[in-house]
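Novice: Handing over start-v1.cif, mmCIF, C-alpha atoms.
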data_run
#
loop_
_atom_site.group_PDB
_atom_site.id
_atom_site.type_symbol
_atom_site.label_atom_id
_atom_site.label_comp_id
_atom_site.auth_asym_id
_atom_site.auth_seq_id
_atom_site.Cartn_x
_atom_site.Cartn_y
_atom_site.Cartn_z
ATOM 1 C CA MET K 1 73.655 -71.911 -20.005
ATOM 2 C CA SER K 2 75.487 -75.004 -21.186
ATOM 3 C CA ARG K 3 79.266 -75.171 -21.020
ATOM 4 C CA PRO K 4 79.778 -75.094 -24.826
ATOM 5 C CA SER K 5 77.593 -71.965 -25.046
ATOM 6 C CA ALA K 6 79.581 -70.246 -22.298
ATOM 7 C CA LEU K 7 82.833 -71.061 -24.048
ATOM 8 C CA GLY K 8 81.385 -69.759 -27.307
ATOM 9 C CA THR K 9 80.455 -66.487 -25.623
ATOM 10 C CA VAL K 10 83.985 -66.084 -24.277
ATOM 11 C CA ALA K 11 85.473 -66.896 -27.684
ATOM 12 C CA LEU K 12 83.190 -64.355 -29.415
ATOM 13 C CA ALA K 13 84.083 -61.708 -26.858
ATOM 14 C CA CYS K 14 87.765 -62.453 -27.375
ATOM 15 C CA CYS K 15 87.350 -62.028 -31.117
ATOM 16 C CA LEU K 16 85.560 -58.716 -30.620
ATOM 17 C CA ALA K 17 88.269 -57.537 -28.252
ATOM 18 C CA CYS K 18 90.974 -58.538 -30.719
ATOM 19 C CA GLY K 19 89.201 -56.693 -33.490
ATOM 20 C CA LEU K 20 88.786 -53.546 -31.457
ATOM 21 C CA ALA K 21 92.025 -53.430 -29.547
ATOM 22 C CA GLY K 22 94.372 -56.157 -30.707
ATOM 23 C CA CYS K 23 94.547 -59.014 -28.214
ATOM 24 C CA ALA K 24 98.258 -58.775 -27.643
ATOM 25 C CA GLY K 25 98.067 -55.042 -26.995
ATOM 26 C CA THR K 26 101.090 -52.759 -27.038
ATOM 27 C CA ALA K 27 103.212 -53.066 -23.937
ATOM 28 C CA GLY K 28 104.480 -49.942 -22.259
ATOM 29 C CA ALA K 29 103.152 -46.731 -20.822
ATOM 30 C CA ASP K 30 100.082 -45.195 -22.457
ATOM 31 C CA ASP K 31 99.779 -41.648 -23.819
ATOM 32 C CA ASP K 32 99.251 -40.368 -20.275
ATOM 33 C CA GLY K 33 102.446 -42.091 -19.171
ATOM 34 C CA ARG K 34 100.618 -44.680 -17.061
ATOM 35 C CA VAL K 35 100.695 -48.457 -17.408
ATOM 36 C CA ASP K 36 97.358 -50.286 -17.645
ATOM 37 C CA VAL K 37 97.271 -53.180 -15.190
ATOM 38 C CA VAL K 38 94.291 -55.548 -15.077
ATOM 39 C CA VAL K 39 93.828 -57.805 -12.053
ATOM 40 C CA SER K 40 91.217 -60.438 -11.297
ATOM 41 C CA SER K 41 90.733 -60.088 -7.531
ATOM 42 C CA TYR K 42 91.222 -57.633 -4.672
ATOM 43 C CA PRO K 43 94.498 -58.986 -3.169
ATOM 44 C CA LEU K 44 96.122 -58.628 -6.582
ATOM 45 C CA GLU K 45 94.722 -55.101 -6.866
ATOM 46 C CA TYR K 46 96.279 -54.172 -3.538
ATOM 47 C CA VAL K 47 99.714 -55.350 -4.650
ATOM 48 C CA ALA K 48 99.424 -53.675 -8.056
ATOM 49 C CA GLU K 49 98.559 -50.311 -6.518
ATOM 50 C CA GLU K 50 101.344 -50.584 -3.959
ATOM 51 C CA ILE K 51 103.968 -51.443 -6.569
ATOM 52 C CA GLY K 52 102.794 -49.227 -9.416
ATOM 53 C CA GLY K 53 101.735 -46.215 -7.395
ATOM 54 C CA GLU K 54 100.874 -43.179 -9.499
ATOM 55 C CA HIS K 55 102.404 -44.728 -12.597
ATOM 56 C CA VAL K 56 99.691 -47.358 -13.138
ATOM 57 C CA ASP K 57 95.966 -47.526 -13.784
ATOM 58 C CA VAL K 58 94.624 -50.636 -12.083
ATOM 59 C CA ALA K 59 91.360 -52.241 -13.209
ATOM 60 C CA ASN K 60 89.917 -55.038 -11.083
ATOM 61 C CA LEU K 61 87.562 -57.433 -12.870
ATOM 62 C CA THR K 62 85.940 -58.297 -9.516
ATOM 63 C CA PRO K 63 83.944 -55.265 -8.296
ATOM 64 C CA PRO K 64 83.903 -54.242 -4.609
ATOM 65 C CA GLY K 65 81.916 -56.850 -2.690
ATOM 66 C CA GLY K 66 81.817 -59.095 -5.764
ATOM 67 C CA ASP K 67 82.108 -62.873 -5.750
ATOM 68 C CA THR K 68 85.671 -63.809 -6.703
ATOM 69 C CA HIS K 69 84.871 -67.497 -7.190
ATOM 70 C CA GLY K 70 81.863 -66.917 -9.421
ATOM 71 C CA LEU K 71 83.297 -64.170 -11.643
ATOM 72 C CA GLU K 72 82.142 -64.452 -15.264
ATOM 73 C CA PRO K 73 83.929 -61.894 -17.468
ATOM 74 C CA SER K 74 81.631 -59.694 -19.514
ATOM 75 C CA PRO K 75 82.526 -58.769 -23.109
ATOM 76 C CA GLN K 76 83.778 -55.445 -21.720
ATOM 77 C CA ASP K 77 85.975 -57.330 -19.240
ATOM 78 C CA VAL K 78 87.406 -59.383 -22.079
ATOM 79 C CA ALA K 79 88.155 -56.197 -24.024
ATOM 80 C CA THR K 80 89.796 -54.687 -20.937
ATOM 81 C CA LEU K 81 92.009 -57.744 -20.585
ATOM 82 C CA GLY K 82 92.938 -57.529 -24.245
ATOM 83 C CA GLU K 83 94.005 -53.895 -23.914
ATOM 84 C CA ALA K 84 96.039 -54.372 -20.726
ATOM 85 C CA ASP K 85 99.764 -53.782 -20.594
ATOM 86 C CA VAL K 86 100.044 -56.212 -17.668
ATOM 87 C CA VAL K 87 97.613 -58.855 -16.434
ATOM 88 C CA VAL K 88 97.878 -60.158 -12.847
ATOM 89 C CA HIS K 89 95.920 -63.344 -12.212
ATOM 90 C CA VAL K 90 95.985 -66.646 -10.314
ATOM 91 C CA THR K 91 95.492 -69.416 -12.851
ATOM 92 C CA GLY K 92 94.371 -72.865 -11.835
ATOM 93 C CA GLY K 93 90.657 -72.766 -11.127
ATOM 94 C CA LEU K 94 89.866 -69.994 -8.634
ATOM 95 C CA GLN K 95 88.303 -68.084 -11.542
ATOM 96 C CA ALA K 96 87.928 -70.669 -14.292
ATOM 97 C CA ALA K 97 86.196 -68.300 -16.718
ATOM 98 C CA VAL K 98 89.065 -65.812 -16.434
ATOM 99 C CA ASP K 99 91.522 -68.675 -16.934
ATOM 100 C CA GLU K 100 89.847 -69.407 -20.270
ATOM 101 C CA VAL K 101 90.091 -65.818 -21.480
ATOM 102 C CA VAL K 102 93.736 -65.528 -20.419
ATOM 103 C CA GLU K 103 94.541 -68.818 -22.147
ATOM 104 C CA GLN K 104 92.908 -67.644 -25.370
ATOM 105 C CA GLN K 105 94.445 -64.166 -25.343
ATOM 106 C CA GLN K 106 97.940 -65.186 -24.201
ATOM 107 C CA PRO K 107 98.903 -61.765 -22.734
ATOM 108 C CA GLU K 108 102.494 -60.830 -23.451
ATOM 109 C CA HIS K 109 102.967 -59.613 -19.889
ATOM 110 C CA LEU K 110 101.186 -61.960 -17.479
ATOM 111 C CA VAL K 111 102.111 -62.112 -13.802
ATOM 112 C CA ASP K 112 100.663 -65.467 -12.792
ATOM 113 C CA ALA K 113 100.557 -65.897 -9.026
ATOM 114 C CA ALA K 114 99.822 -69.637 -9.304
ATOM 115 C CA PRO K 115 103.376 -70.659 -8.231
ATOM 116 C CA LEU K 116 102.727 -68.889 -4.917
ATOM 117 C CA ALA K 117 99.561 -70.942 -4.425
ATOM 118 C CA ASP K 118 101.191 -74.334 -3.963
ATOM 119 C CA LEU K 119 98.816 -75.949 -1.451
ATOM 120 C CA PRO K 120 96.714 -78.497 -3.387
ATOM 121 C CA GLY K 121 93.532 -76.826 -4.596
ATOM 122 C CA ASP K 122 93.899 -73.755 -2.382
ATOM 123 C CA PRO K 123 94.470 -70.421 -4.184
ATOM 124 C CA HIS K 124 94.307 -68.169 -1.091
ATOM 125 C CA PHE K 125 98.060 -67.535 -0.895
ATOM 126 C CA TRP K 126 97.518 -63.877 0.061
ATOM 127 C CA LEU K 127 96.635 -64.880 3.629
ATOM 128 C CA ASP K 128 100.380 -65.453 4.066
ATOM 129 C CA PRO K 129 101.975 -61.967 4.055
ATOM 130 C CA LEU K 130 105.332 -63.244 2.849
ATOM 131 C CA ARG K 131 103.766 -64.782 -0.249
ATOM 132 C CA MET K 132 102.116 -61.434 -0.940
ATOM 133 C CA ALA K 133 105.553 -59.802 -0.739
ATOM 134 C CA ALA K 134 106.866 -62.286 -3.305
ATOM 135 C CA LEU K 135 104.066 -61.312 -5.691
ATOM 136 C CA GLY K 136 105.073 -57.670 -5.265
ATOM 137 C CA ARG K 137 108.613 -58.492 -6.304
ATOM 138 C CA ASP K 138 107.406 -60.421 -9.384
ATOM 139 C CA LEU K 139 105.159 -57.550 -10.442
ATOM 140 C CA ALA K 140 107.913 -54.966 -9.937
ATOM 141 C CA ASP K 141 110.154 -56.978 -12.244
ATOM 142 C CA GLU K 142 107.436 -57.184 -14.911
ATOM 143 C CA LEU K 143 106.613 -53.477 -14.720
ATOM 144 C CA GLY K 144 110.286 -52.622 -14.898
ATOM 145 C CA GLU K 145 110.624 -54.674 -18.057
ATOM 146 C CA ILE K 146 107.907 -52.789 -19.934
ATOM 147 C CA ASP K 147 108.558 -49.393 -18.318
ATOM 148 C CA PRO K 148 112.329 -49.378 -17.793
ATOM 149 C CA GLU K 149 112.586 -45.651 -17.016
ATOM 150 C CA ARG K 150 110.708 -46.297 -13.762
ATOM 151 C CA ALA K 151 112.145 -49.722 -12.952
ATOM 152 C CA GLY K 152 113.990 -48.308 -9.948
ATOM 153 C CA GLU K 153 110.772 -46.843 -8.524
ATOM 154 C CA TYR K 154 108.932 -50.130 -8.909
ATOM 155 C CA ALA K 155 111.779 -51.968 -7.193
ATOM 156 C CA ALA K 156 111.800 -49.438 -4.352
ATOM 157 C CA ASN K 157 108.036 -49.846 -3.946
ATOM 158 C CA ALA K 158 108.504 -53.615 -3.782
ATOM 159 C CA ASP K 159 111.108 -53.089 -1.057
ATOM 160 C CA ARG K 160 108.677 -50.948 0.941
ATOM 161 C CA LEU K 161 105.837 -53.424 0.514
ATOM 162 C CA GLU K 162 108.091 -56.301 1.520
ATOM 163 C CA GLU K 163 109.165 -54.421 4.652
ATOM 164 C CA SER K 164 105.545 -53.686 5.576
ATOM 165 C CA LEU K 165 104.404 -57.270 5.004
ATOM 166 C CA ALA K 166 107.400 -58.671 6.877
ATOM 167 C CA ALA K 167 106.405 -56.525 9.863
ATOM 168 C CA LEU K 168 102.848 -57.862 9.597
ATOM 169 C CA ASP K 169 104.197 -61.406 9.470
ATOM 170 C CA THR K 170 106.280 -60.745 12.568
ATOM 171 C CA ARG K 171 103.194 -59.539 14.450
ATOM 172 C CA PHE K 172 101.246 -62.636 13.454
ATOM 173 C CA ALA K 173 104.132 -64.919 14.409
ATOM 174 C CA GLU K 174 104.667 -63.288 17.790
ATOM 175 C CA GLU K 175 101.016 -62.976 18.779
ATOM 176 C CA LEU K 176 100.054 -66.452 17.581
ATOM 177 C CA ALA K 177 103.133 -68.174 19.021
ATOM 178 C CA PRO K 178 101.164 -69.288 22.125
ATOM 179 C CA CYS K 179 98.555 -70.796 19.772
ATOM 180 C CA ARG K 180 100.849 -73.100 17.785
ATOM 181 C CA GLY K 181 99.136 -76.435 17.267
ATOM 182 C CA ALA K 182 95.664 -74.991 17.924
ATOM 183 C CA THR K 183 92.773 -76.013 15.693
ATOM 184 C CA LEU K 184 91.392 -73.294 13.421
ATOM 185 C CA VAL K 185 87.789 -74.258 12.635
ATOM 186 C CA ALA K 186 86.462 -72.399 9.596
ATOM 187 C CA SER K 187 83.188 -72.660 7.727
ATOM 188 C CA HIS K 188 85.133 -71.953 4.489
ATOM 189 C CA GLU K 189 88.410 -73.837 4.146
ATOM 190 C CA ALA K 190 90.336 -70.821 2.902
ATOM 191 C CA PHE K 191 92.999 -70.432 5.580
ATOM 192 C CA GLY K 192 95.512 -73.145 4.715
ATOM 193 C CA TYR K 193 98.390 -70.749 4.009
ATOM 194 C CA LEU K 194 97.776 -68.795 7.195
ATOM 195 C CA ALA K 195 97.552 -72.025 9.200
ATOM 196 C CA ASP K 196 100.701 -73.399 7.578
ATOM 197 C CA ARG K 197 102.702 -70.221 8.233
ATOM 198 C CA TYR K 198 101.757 -69.921 11.910
ATOM 199 C CA GLY K 199 101.552 -73.543 12.995
ATOM 200 C CA LEU K 200 97.776 -73.975 13.187
ATOM 201 C CA HIS K 201 95.627 -76.967 12.185
ATOM 202 C CA GLN K 202 92.771 -75.980 9.889
ATOM 203 C CA VAL K 203 89.471 -77.840 9.877
ATOM 204 C CA GLY K 204 87.167 -76.575 7.141
ATOM 205 C CA VAL K 205 83.486 -77.416 7.127
ATOM 206 C CA ALA K 206 82.465 -76.248 3.646
ATOM 207 C CA GLY K 207 85.705 -77.056 1.844
ATOM 208 C CA LEU K 208 87.464 -74.648 -0.501
ATOM 209 C CA ASP K 209 84.352 -73.567 -2.394
ATOM 210 C CA PRO K 210 81.997 -71.570 -0.136
ATOM 211 C CA HIS K 211 79.126 -72.168 -2.567
ATOM 212 C CA VAL K 212 79.035 -75.927 -2.035
ATOM 213 C CA GLU K 213 76.184 -76.864 0.281
ATOM 214 C CA VAL K 214 77.381 -78.659 3.389
ATOM 215 C CA SER K 215 75.785 -82.065 3.802
ATOM 216 C CA PRO K 216 74.747 -83.389 7.219
ATOM 217 C CA ALA K 217 77.365 -86.129 6.830
ATOM 218 C CA ARG K 218 80.166 -83.600 6.272
ATOM 219 C CA LEU K 219 78.968 -81.562 9.234
ATOM 220 C CA ARG K 220 79.077 -84.688 11.402
ATOM 221 C CA ARG K 221 82.606 -85.489 10.216
ATOM 222 C CA ALA K 222 83.749 -81.966 11.007
ATOM 223 C CA ALA K 223 82.147 -82.151 14.451
ATOM 224 C CA ALA K 224 83.901 -85.437 15.155
ATOM 225 C CA GLU K 225 87.254 -84.000 14.078
ATOM 226 C CA VAL K 226 86.841 -80.879 16.199
ATOM 227 C CA ARG K 227 85.222 -82.355 19.307
ATOM 228 C CA ASP K 228 88.401 -83.261 21.206
ATOM 229 C CA THR K 229 90.750 -80.543 19.925
ATOM 230 C CA GLY K 230 90.012 -77.905 22.541
ATOM 231 C CA ALA K 231 88.749 -75.506 19.876
ATOM 232 C CA ARG K 232 86.696 -72.604 21.224
ATOM 233 C CA THR K 233 85.429 -70.837 18.091
ATOM 234 C CA VAL K 234 84.006 -71.579 14.671
ATOM 235 C CA PHE K 235 85.062 -68.835 12.251
ATOM 236 C CA PHE K 236 82.885 -67.823 9.332
ATOM 237 C CA GLU K 237 82.993 -65.414 6.398
ATOM 238 C CA GLN K 238 80.528 -62.582 7.000
ATOM 239 C CA ALA K 239 79.597 -62.269 3.323
ATOM 240 C CA ALA K 240 78.609 -65.956 3.185
ATOM 241 C CA GLY K 241 76.562 -65.945 6.388
ATOM 242 C CA ASP K 242 76.972 -67.955 9.553
ATOM 243 C CA ASP K 243 74.501 -70.825 9.044
ATOM 244 C CA VAL K 244 77.153 -73.547 8.809
ATOM 245 C CA ALA K 245 79.269 -72.054 11.579
ATOM 246 C CA ARG K 246 76.221 -71.676 13.811
ATOM 247 C CA ALA K 247 75.115 -75.268 13.250
ATOM 248 C CA LEU K 248 78.544 -76.647 14.187
ATOM 249 C CA ALA K 249 78.988 -74.224 17.079
ATOM 250 C CA ASP K 250 75.590 -75.129 18.521
ATOM 251 C CA GLU K 251 76.366 -78.841 18.327
ATOM 252 C CA LEU K 252 79.728 -78.458 20.073
ATOM 253 C CA GLY K 253 78.961 -75.551 22.392
ATOM 254 C CA LEU K 254 81.455 -73.213 20.728
ATOM 255 C CA ALA K 255 81.448 -69.501 19.982
ATOM 256 C CA THR K 256 81.416 -67.997 16.476
ATOM 257 C CA ASP K 257 83.422 -65.124 15.039
ATOM 258 C CA VAL K 258 84.325 -63.595 11.679
ATOM 259 C CA LEU K 259 87.534 -64.453 9.819
ATOM 260 C CA HIS K 260 87.980 -62.714 6.484
ATOM 261 C CA PRO K 261 89.397 -64.662 3.504
ATOM 262 C CA ILE K 262 89.925 -61.282 1.774
ATOM 263 C CA GLU K 263 87.930 -62.241 -1.281
ATOM 264 C CA ARG K 264 84.635 -60.325 -1.100
ATOM 265 C CA VAL K 265 86.071 -57.006 -0.038
ATOM 266 C CA ALA K 266 83.815 -54.021 0.539
ATOM 267 C CA GLU K 267 84.764 -50.643 -0.852
ATOM 268 C CA GLY K 268 86.946 -48.825 1.647
ATOM 269 C CA ASP K 269 88.365 -51.986 3.247
ATOM 270 C CA SER K 270 92.066 -52.660 2.836
ATOM 271 C CA TYR K 271 94.340 -55.677 3.015
ATOM 272 C CA PRO K 272 96.326 -54.475 6.072
ATOM 273 C CA GLU K 273 93.147 -53.601 7.998
ATOM 274 C CA LEU K 274 91.492 -56.932 7.217
ATOM 275 C CA MET K 275 94.608 -58.864 8.190
ATOM 276 C CA GLU K 276 94.827 -56.941 11.471
ATOM 277 C CA ALA K 277 91.167 -57.801 12.139
ATOM 278 C CA ASN K 278 91.922 -61.445 11.380
ATOM 279 C CA LEU K 279 94.828 -61.425 13.819
ATOM 280 C CA ALA K 280 92.652 -59.978 16.568
ATOM 281 C CA ALA K 281 89.926 -62.567 15.904
ATOM 282 C CA LEU K 282 92.404 -65.437 15.936
ATOM 283 C CA ARG K 283 94.122 -64.266 19.112
ATOM 284 C CA ALA K 284 90.755 -63.996 20.867
ATOM 285 C CA GLY K 285 89.136 -67.114 19.434
ATOM 286 C CA LEU K 286 91.812 -69.798 19.317
ATOM 287 C CA ALA K 287 92.694 -72.052 22.214
ATOM 288 C CA CYS K 288 96.066 -70.568 23.122
ATOM 289 C CA ALA K 289 98.446 -70.802 26.054
ATOM 290 C CA ALA K 290 98.396 -67.853 28.417
#
Starting from the coordinates I provided, produce the structure as structure tokens.

Specialist:
Amino acid sequence: MSRPSALGTVALACCLACGLAGCAGTAGADDDGRVDVVVSSYPLEYVAEEIGGEHVDVANLTPPGGDTHGLEPSPQDVATLGEADVVVHVTGGLQAAVDEVVEQQQPEHLVDAAPLADLPGDPHFWLDPLRMAALGRDLADELGEIDPERAGEYAANADRLEESLAALDTRFAEELAPCRGATLVASHEAFGYLADRYGLHQVGVAGLDPHVEVSPARLRRAAAEVRDTGARTVFFEQAAGDDVARALADELGLATDVLHPIERVAEGDSYPELMEANLAALRAGLACAA
């Protein structure tokens, strides 16, 4: 499908949604007393459920195991966005098709996490627990504005989430302290915020977009950059396969292991569990002091 046709489809869906539901929607709790929150990826869903608790209905446009990068909103998705009391999204290109719908609809209550994603071109801010806590605070403020009777509960939930994520950050900092300066070699360059927070040097083979095919020249450049770093492991995303990681690992005689960017999340997985698994993989796979 050509780009103009895709844009036309989104525009038509927006018009249908406006006709059926009114694009701006009516902010505040619904008849059942719950606030409708629409999010565009799993990390945002996790925060919304933690902050809103039983007082929100959270709809995630990306289904369990779905491709965050390649999400194309259906007409039903567009209608869902139009009916939302609050929309939580990361603008700026991670999900360009969702960006277009949000821009056209102009939700009255939009929590845009883009300011938390301040590394050039890298939207994966949620791999830094403290940035996730900041999103929780922003969402609590927004929910409190449209549902003032429960503003105190939302703020208390943000406090609890912040405490939990601060404890997770402390564990990462303490356990990765011997690894400061180590090279984190990843097939998908999604770990910039994690590397920045804990003093690691990320080398990504496939760049920020896991769908871009890695050329032999890029693989050679990555091998040259990694060869003398003391790296022991090439990390890959299980959902994307290990072909690139295996090719680089075989060339350099390194091991491979899974590191989760927390994008394609299977049903039943959770943010804390995936981050704990990432910590264990990093502690085992990085070149760290004793």

Novice: Which residues match the PyMOL selection byres ((chain K and resi 227) around 12) in the file above, as a list of chain:residue names?

Specialist: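 Selected by the PyMOL selection byres ((chain K and resi 227) around 12) here: K:Thr183, K:Val185, K:Val203, K:Leu219, K:Arg220, K:Arg221, K:Ala222, K:Ala223, K:Ala224, K:Glu225, K:Val226, K:Asp228, K:Thr229, K:Gly230, K:Ala231, K:Arg232, K:Thr233, K:Val234, K:Leu248, K:Ala249, K:Glu251, K:Leu252, K:Gly253, K:Leu254.
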
Novice: Those residues you just picked out, can you put them in a file as a tab-separated table (two decimals), in the frame of the given file with C-alpha atoms?

Specialist:
chain	number	residue	atom	x	y	z
K	183	THR	CA	92.77	-76.01	15.69
K	185	VAL	CA	87.79	-74.26	12.64
K	203	VAL	CA	89.47	-77.84	9.88
K	219	LEU	CA	78.97	-81.56	9.23
K	220	ARG	CA	79.08	-84.69	11.40
K	221	ARG	CA	82.61	-85.49	10.22
K	222	ALA	CA	83.75	-81.97	11.01
K	223	ALA	CA	82.15	-82.15	14.45
K	224	ALA	CA	83.90	-85.44	15.16
K	225	GLU	CA	87.25	-84.00	14.08
K	226	VAL	CA	86.84	-80.88	16.20
K	228	ASP	CA	88.40	-83.26	21.21
K	229	THR	CA	90.75	-80.54	19.92
K	230	GLY	CA	90.01	-77.90	22.54
K	231	ALA	CA	88.75	-75.51	19.88
K	232	ARG	CA	86.70	-72.60	21.22
K	233	THR	CA	85.43	-70.84	18.09
K	234	VAL	CA	84.01	-71.58	14.67
K	248	LEU	CA	78.54	-76.65	14.19
K	249	ALA	CA	78.99	-74.22	17.08
K	251	GLU	CA	76.37	-78.84	18.33
K	252	LEU	CA	79.73	-78.46	20.07
K	253	GLY	CA	78.96	-75.55	22.39
K	254	LEU	CA	81.46	-73.21	20.73

Novice: Figure out the distance between atom CA of Ile262 of chain K and atom CA of Ala206 of chain K, please, to one decimal in Å.

Specialist: 16.8 Å

Novice: Go through K:Ala117, K:Ala247, K:Val101, K:Phe172 one by one, measure the shortest atom-to-atom distance of each to Asn278 of chain K using all atoms listed in the file, and give the residue with the smallest value.

Specialist: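 Between K:Ala117, K:Ala247, K:Val101, K:Phe172, the residue approaching Asn278 of chain K most closely is K:Phe172.
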
Novice: Using the chain letters and numbers from the file, which residues does the PyMOL selection byres ((chain K and resi 279-282) around 8) grab, as a list in words?

Specialist: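 Taken over the shown coordinates, the PyMOL selection byres ((chain K and resi 279-282) around 8) returns Phe172, Leu176, Asp257, Val258, Leu259, Met275, Glu276, Ala277, Asn278, Arg283, Ala284, Gly285 and Leu286 of chain K.
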
Novice: So that I can check the surroundings of Ala140 of chain K, please list as an MDAnalysis selection string every protein, DNA and RNA residue that reaches within 8 Å of it, counting all atoms listed in the file and ignoring chain neighbours fewer than 4 positions away.

Specialist: chainID K and resid 51:52 136 144 151 154:155 157:158

Novice: Using the chain letters and numbers from the file, which residues does the PyMOL selection byres ((chain K and resi 267) around 8) grab, as JSON, numbers by chain?

Specialist: {"K": [64, 65, 265, 266, 268, 269]}

Novice: Kindly save the residues from that selection, with C-alpha atoms included, as a PDB file, in the coordinates of the input.

Specialist:
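Listed below is the output, out13.pdb:
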ATOM      1  CA  PRO K  64      83.903 -54.242  -4.609  1.00  0.00           C
ATOM      2  CA  GLY K  65      81.916 -56.850  -2.690  1.00  0.00           C
ATOM      3  CA  VAL K 265      86.071 -57.006  -0.038  1.00  0.00           C
ATOM      4  CA  ALA K 266      83.815 -54.021   0.539  1.00  0.00           C
ATOM      5  CA  GLY K 268      86.946 -48.825   1.647  1.00  0.00           C
ATOM      6  CA  ASP K 269      88.365 -51.986   3.247  1.00  0.00           C
TER       7      ASP K 269
END

Novice: In terms of the shortest atom-to-atom distance over only C-alpha atoms, which of K:Glu103, K:Ser187, K:Asp128, K:Arg264 is closest to Asp243 of chain K?

Specialist: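 Checking each candidate against Asp243 of chain K, we get K:Ser187 as the closest.
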
Novice: Set the distance at 12 Å and use only C-alpha atoms: which residues neighbour Asp138 of chain K once local chain neighbours fewer than 6 positions away are removed? I'd like the list as a list in words.

Specialist: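 Contacts, in chain order: Leu44, Val47, Ala48, Ile51, Val86, Val88, His109, Leu110, Val111, Asp112, Ala113, Ala114, Pro115, Leu116, Arg131, Met132, Gly144, Glu145, Tyr154, Ala155, Asn157, Ala158, Asp159 and Glu162 of chain K.
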
Novice: Can you measure atom CA of Asp77 of chain K to atom CA of Arg137 of chain K for me? One decimal in Å is fine.

Specialist: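 Straight-line distance from atom CA of Asp77 of chain K to atom CA of Arg137 of chain K works out to 26.1 Å.
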
Novice: Would you give the centre and edge lengths, in Å to one decimal, of a box along x, y and z around the listed atoms of segment 271-277 of chain K, with 4 Å added to each side, as JSON?

Specialist:
{"center_x": 93.7, "center_y": -56.2, "center_z": 7.6, "size_x": 13.2, "size_y": 13.3, "size_z": 17.1}

Novice: Which of these residues is nearest to Gly66 of chain K, using all atoms listed in the file: K:Glu263, K:Leu161, K:Gly199, K:Asp141?

Specialist: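 Distance minimum relative to Gly66 of chain K lands on K:Glu263.
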
Novice: For atom CA of Ser270 of chain K and atom CA of Pro63 of chain K, quote the distance in Å rounded to one decimal.

Specialist: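 Taking atom CA of Ser270 of chain K and atom CA of Pro63 of chain K, their separation equals 14.0 Å.
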
Novice: Ranking K:Pro261, K:Pro73, K:Pro123, K:Pro272 by minimum distance to Glu100 of chain K and counting all atoms listed in the file, which one comes first?

Specialist: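 Selected residue with least distance to Glu100 of chain K: K:Pro73.
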